[in-house]
Amino acid sequence: MMEKPDFGAPKVGRGTRNAAERRAVGGTLHDPKAGATATPTALTRSCRRTDRESVRGLAVRLADPRAIPACLRDHPEWVADGMTRYYTDAEPESCFVAAGDSGVVGYVFGAVSTARRDRWVAARVLPGLVLRGLATGAGFRCPLGQMLRAGLRGWRRASAAKRGLRRSHPAHLHVGVCEGARGRGVGRLLVSRFVEHAANAGAPGIHASVIASNGPARRFFEQQGFHELRRYAAAFPGSPDPVPMILFGRRLTSKQDERAGRTGALG
Ligand SMILES: CC(C)(COP(=O)(O)OP(=O)(O)OC[C@H]1O[C@@H](n2cnc3c(N)ncnc32)[C@H](O)[C@@H]1OP(=O)(O)O)[C@@H](O)C(=O)NCCC(=O)NCCS
């Protein structure tokens with residue numbers, strides 16, 4: 001059974017915090033760029049409807065610049081639709097945030113079934129991007145045909161790299177933490193929320209794509225029990241050259257599996 005979106009009170013309360021959580025909330029988190037200061041009450045919780053804009057904004061701000069062509073930098077809403085609309089609108093139950101008193105300082109979102117995400121994006125996100133591009137004029141500064149071709153090339157390369165993972169690692173995630181809130185265990189807490197959710201939804205494995213030159217993110221995923229599955233060259237719409245990527249994977253065991261003694265190997 002898929003967990004329903006929780007638009008109510010945070011699920012992680014004082015009494016349920018573990019050591020890592022206490023470490024994450026143990027100091028003032030400050031994000032100088034976003035001007036956000038999260039107090040020591042920063043917690044991970046399910047996304048609420050009111051988190052949508054913060055999650056979209058943070059995801060665009062933390063994206064690698066090569067993922068966003070220069071001609072689209074003045075159209076963050078367009079970019080956010082492409083990057084996050086599926087996650088915030090179609091599968092909000094798989095979205096978790098770390099939030100302090102002053103707002104969201106980190107997010108994890110993803111899909112329990114990447115195949116379902118792909119179908120939804122093709123049917124709902126892509127047509128919306130074309131229409132919005134025409135309506136906002138983004139299509140004139142960024143030739144739409146060129147953009148769509150670049151997007152399709154990227155999609156094909158990523159899909160080819162992920163071939164064979166549909167059964168073993170059908171879920172995927174994206175995680176991001178404000179610069180000023182890093183190194184306090186926030187990312188770890190967010191990923192563990194998603195891992196638990198995906199396992200309980202029945203996904204046998206999860207994957208995440210990381211730019212090969214992003215050393216901190218590579219170490220981060222390795223530390224969370226992920227290991228390198230394969231490498232591929234991604235086509236980013238804002239980069240003339242292919243971008244080397246690493247696909248990380250982790251096998252999952254649900255609580256039901258644990259109770260039944262099925263302890264699927266990690267990795
Ligand atoms: C990757 C990212 C999510 C890590 O978030 P974070 O909250 O700083 O990570 P945590 O504090 O939970 O770190 C957990 C572990 O990851 C590793 N790690 C995290 N940041 C690291 C860094 N800069 N260098 C080396 N190891 C690092 C450490 O092993 C750490 O454990 P430790 O503190 O016990 O040593 C964050 O740096 C980020 O948002 N980066 C930009 C977006 C991105 O690259 N996302 C990943 C691709 S989807």
# chains A, B, ... in the order shown; residues from 1 in each chain; ligands from 1
call {"tool": "residues_near_ligand", "arguments": {"ligand": "ligand 1", "cutoff": "7 Å", "atoms": "only C-alpha atoms and all ligand atoms", "output": "PDB file with C-alpha atoms, in the first residue's frame"}}
result
ATOM      1  CA  LEU A  62      20.783  23.486  -6.320  1.00  0.00           C
ATOM      2  CA  ALA A  63      20.696  22.051  -9.860  1.00  0.00           C
ATOM      3  CA  LEU A 173      15.386   9.715  -5.624  1.00  0.00           C
ATOM      4  CA  HIS A 174      16.790  13.254  -5.773  1.00  0.00           C
ATOM      5  CA  VAL A 175      18.084  14.933  -2.625  1.00  0.00           C
ATOM      6  CA  GLY A 176      19.237  18.474  -1.896  1.00  0.00           C
ATOM      7  CA  VAL A 177      20.192  20.428   1.212  1.00  0.00           C
ATOM      8  CA  CYS A 178      20.827  24.218   1.439  1.00  0.00           C
ATOM      9  CA  GLU A 179      24.532  24.994   1.551  1.00  0.00           C
ATOM     10  CA  ALA A 181      22.531  23.355   6.455  1.00  0.00           C
ATOM     11  CA  ARG A 182      24.979  20.761   5.112  1.00  0.00           C
ATOM     12  CA  GLY A 183      27.205  18.489   7.133  1.00  0.00           C
ATOM     13  CA  ARG A 184      24.681  18.119   9.983  1.00  0.00           C
ATOM     14  CA  GLY A 185      23.034  14.856   9.000  1.00  0.00           C
ATOM     15  CA  VAL A 186      20.028  16.474   7.252  1.00  0.00           C
ATOM     16  CA  GLY A 187      20.655  14.699   3.924  1.00  0.00           C
ATOM     17  CA  ARG A 188      21.108  11.385   5.709  1.00  0.00           C
ATOM     18  CA  LEU A 189      17.768  11.770   7.527  1.00  0.00           C
ATOM     19  CA  ALA A 208      20.119   7.768  -7.881  1.00  0.00           C
ATOM     20  CA  SER A 209      22.155   9.537 -10.573  1.00  0.00           C
ATOM     21  CA  VAL A 210      25.156  11.589  -9.504  1.00  0.00           C
ATOM     22  CA  ASN A 214      30.420  15.661  -7.520  1.00  0.00           C
ATOM     23  CA  GLY A 215      32.717  14.084  -4.911  1.00  0.00           C
ATOM     24  CA  PRO A 216      30.643  15.044  -1.836  1.00  0.00           C
ATOM     25  CA  ALA A 217      27.462  13.525  -3.297  1.00  0.00           C
ATOM     26  CA  ARG A 219      30.669   9.940  -0.726  1.00  0.00           C
ATOM     27  CA  PHE A 220      27.242  10.822   0.641  1.00  0.00           C
ATOM     28  CA  PHE A 221      25.509   8.005  -1.277  1.00  0.00           C
ATOM     29  CA  GLN A 223      27.799   6.366   3.154  1.00  0.00           C
TER      30      GLN A 223
END
call {"tool": "residues_around", "arguments": {"residues": "segment 109-119 of chain A", "least_positions_apart": "6", "cutoff": "6 Å", "atoms": "only C-alpha atoms", "output": "count of residues only"}}
result
8
call {"tool": "closest_residue", "arguments": {"among": "A:Val195, A:Leu190, A:Ala160, A:Leu148", "to": "Ala233 of chain A", "atoms": "only C-alpha atoms"}}
result
A:Ala160
call {"tool": "closest_residue", "arguments": {"among": "A:Gly151, A:Gly82, A:Gly145, A:Gly249", "to": "Val121 of chain A", "atoms": "only C-alpha atoms"}}
result
A:Gly82
call {"tool": "select_by_dssp", "arguments": {"residues": "segment 13-182 of chain A", "states": "strand (DSSP E or B)", "output": "compact mmCIF listing (two decimals) with N, CA and C atoms, in the first residue's frame"}}
result
# COMPACT_ATOMS: atom_id res chain seq x y z
N LEU A 29 20.84 26.43 11.67
CA LEU A 29 21.18 26.18 10.28
C LEU A 29 20.99 27.47 9.51
N HIS A 30 22.02 27.90 8.83
CA HIS A 30 21.89 29.18 8.13
C HIS A 30 22.24 29.01 6.67
N ASP A 31 21.38 29.47 5.80
CA ASP A 31 21.65 29.40 4.37
C ASP A 31 21.84 30.82 3.87
N ALA A 36 17.85 31.93 4.39
CA ALA A 36 16.98 31.16 5.30
C ALA A 36 17.76 30.75 6.53
N THR A 37 17.20 30.97 7.66
CA THR A 37 17.82 30.50 8.88
C THR A 37 16.89 29.50 9.54
N ALA A 38 17.34 28.25 9.59
CA ALA A 38 16.51 27.24 10.22
C ALA A 38 16.93 27.11 11.67
N LEU A 43 13.40 19.57 11.26
CA LEU A 43 12.99 18.17 11.29
C LEU A 43 12.69 17.70 9.89
N THR A 44 12.74 16.40 9.70
CA THR A 44 12.26 15.88 8.43
C THR A 44 10.80 15.51 8.59
N ARG A 45 10.03 15.76 7.58
CA ARG A 45 8.61 15.40 7.61
C ARG A 45 8.12 15.25 6.18
N SER A 46 6.91 14.68 6.03
CA SER A 46 6.31 14.56 4.71
C SER A 46 6.05 15.95 4.14
N PHE A 96 9.76 14.36 0.97
CA PHE A 96 9.98 14.70 2.39
C PHE A 96 10.85 15.94 2.44
N VAL A 97 10.64 16.74 3.46
CA VAL A 97 11.46 17.95 3.60
C VAL A 97 12.06 18.01 4.99
N ALA A 98 13.16 18.77 5.09
CA ALA A 98 13.70 19.16 6.39
C ALA A 98 13.34 20.62 6.51
N ALA A 99 12.63 20.96 7.56
CA ALA A 99 12.16 22.34 7.69
C ALA A 99 12.45 22.87 9.08
N GLY A 100 12.95 24.09 9.10
CA GLY A 100 13.13 24.78 10.38
C GLY A 100 12.04 25.82 10.51
N GLY A 103 11.62 27.87 7.34
CA GLY A 103 11.28 27.26 6.05
C GLY A 103 12.06 26.01 5.74
N VAL A 104 11.93 25.60 4.48
CA VAL A 104 12.50 24.33 4.02
C VAL A 104 14.00 24.50 3.77
N VAL A 105 14.82 23.64 4.38
CA VAL A 105 16.27 23.69 4.14
C VAL A 105 16.76 22.47 3.37
N GLY A 106 15.89 21.50 3.14
CA GLY A 106 16.32 20.33 2.37
C GLY A 106 15.12 19.53 1.93
N TYR A 107 15.32 18.75 0.89
CA TYR A 107 14.22 17.92 0.36
C TYR A 107 14.78 16.59 -0.13
N VAL A 108 13.92 15.61 -0.17
CA VAL A 108 14.18 14.42 -0.97
C VAL A 108 12.86 14.13 -1.68
N PHE A 109 12.92 13.89 -2.96
CA PHE A 109 11.72 13.46 -3.68
C PHE A 109 12.13 12.42 -4.70
N GLY A 110 11.15 11.66 -5.15
CA GLY A 110 11.49 10.60 -6.08
C GLY A 110 10.24 9.85 -6.50
N ALA A 111 10.46 8.69 -7.07
CA ALA A 111 9.35 7.86 -7.54
C ALA A 111 9.58 6.43 -7.08
N ALA A 171 12.78 2.16 -8.01
CA ALA A 171 12.57 3.48 -7.41
C ALA A 171 13.79 4.37 -7.66
N HIS A 172 13.58 5.68 -7.62
CA HIS A 172 14.73 6.59 -7.67
C HIS A 172 14.46 7.81 -6.81
N LEU A 173 15.54 8.52 -6.47
CA LEU A 173 15.39 9.72 -5.62
C LEU A 173 16.32 10.83 -6.06
N HIS A 174 15.94 12.06 -5.66
CA HIS A 174 16.79 13.25 -5.77
C HIS A 174 16.81 13.90 -4.39
N VAL A 175 17.99 14.32 -3.95
CA VAL A 175 18.08 14.93 -2.63
C VAL A 175 18.87 16.24 -2.72
N GLY A 176 18.50 17.21 -1.92
CA GLY A 176 19.24 18.47 -1.90
C GLY A 176 19.09 19.14 -0.54
N VAL A 177 20.19 19.72 -0.08
CA VAL A 177 20.19 20.43 1.21
C VAL A 177 20.85 21.80 0.99
call {"tool": "atom_distance", "arguments": {"atom1": "atom CA of Trp120 of chain A", "atom2": "atom CA of Gly225 of chain A"}}
result
29.2 Å
call {"tool": "closest_residue", "arguments": {"among": "A:Glu77, A:Ala201, A:Cys47, A:Glu91", "to": "Leu129 of chain A", "atoms": "only C-alpha atoms"}}
result
A:Glu77
call {"tool": "select_by_dssp", "arguments": {"residues": "segment 83-230 of chain A", "states": "helix (DSSP H, G or I)", "output": "PyMOL selection string"}}
result
chain A and resi 83-90+92-94+114-136+138-141+144-161+165-168+179-181+186-200+215-223
call {"tool": "residues_around", "arguments": {"residues": "segment 161-163 of chain A", "least_positions_apart": "6", "cutoff": "9 Å", "atoms": "only C-alpha atoms", "output": "list of chain:residue names"}}
result
A:Arg230, A:Arg231, A:Tyr232, A:Ala233, A:Leu247
call {"tool": "closest_residue", "arguments": {"among": "A:Pro69, A:Phe226, A:Ser192, A:Ala212", "to": "Leu144 of chain A", "atoms": "only C-alpha atoms"}}
result
A:Pro69
call {"tool": "residues_around", "arguments": {"residues": "Gly205 of chain A", "least_positions_apart": "2", "cutoff": "6 Å", "atoms": "only C-alpha atoms", "output": "tab-separated table (two decimals) with C-alpha atoms, in the first residue's frame"}}
result
chain	number	residue	atom	x	y	z
A	168	SER	CA	15.97	-4.65	-9.50
A	169	HIS	CA	15.99	-0.89	-8.69
A	203	ALA	CA	10.25	-1.43	-4.20
A	250	ARG	CA	20.79	0.18	-3.10
A	251	ARG	CA	18.68	-2.92	-2.49
A	252	LEU	CA	15.80	-2.52	-0.04
call {"tool": "atom_distance", "arguments": {"atom1": "atom CA of Ser213 of chain A", "atom2": "atom CA of Leu126 of chain A"}}
result
28.9 Å
call {"tool": "decode", "arguments": {"residues": "segment 184-201 of chain A", "atoms": "C-alpha atoms", "output": "short mmCIF file (atom, residue, chain, number, x, y, z; two decimals), in the first residue's frame"}}
result
data_model
loop_
_atom_site.label_atom_id
_atom_site.label_comp_id
_atom_site.auth_asym_id
_atom_site.auth_seq_id
_atom_site.Cartn_x
_atom_site.Cartn_y
_atom_site.Cartn_z
CA ARG A 184 24.68 18.12 9.98
CA GLY A 185 23.03 14.86 9.00
CA VAL A 186 20.03 16.47 7.25
CA GLY A 187 20.66 14.70 3.92
CA ARG A 188 21.11 11.39 5.71
CA LEU A 189 17.77 11.77 7.53
CA LEU A 190 15.96 12.69 4.32
CA VAL A 191 17.34 9.72 2.40
CA SER A 192 16.48 7.35 5.22
CA ARG A 193 12.87 8.63 5.18
CA PHE A 194 12.67 7.95 1.44
CA VAL A 195 14.36 4.55 1.71
CA GLU A 196 11.88 3.43 4.39
CA HIS A 197 8.95 4.73 2.35
CA ALA A 198 10.09 3.04 -0.90
CA ALA A 199 10.79 -0.26 0.88
CA ASN A 200 7.36 -0.24 2.51
CA ALA A 201 5.78 0.52 -0.86
#
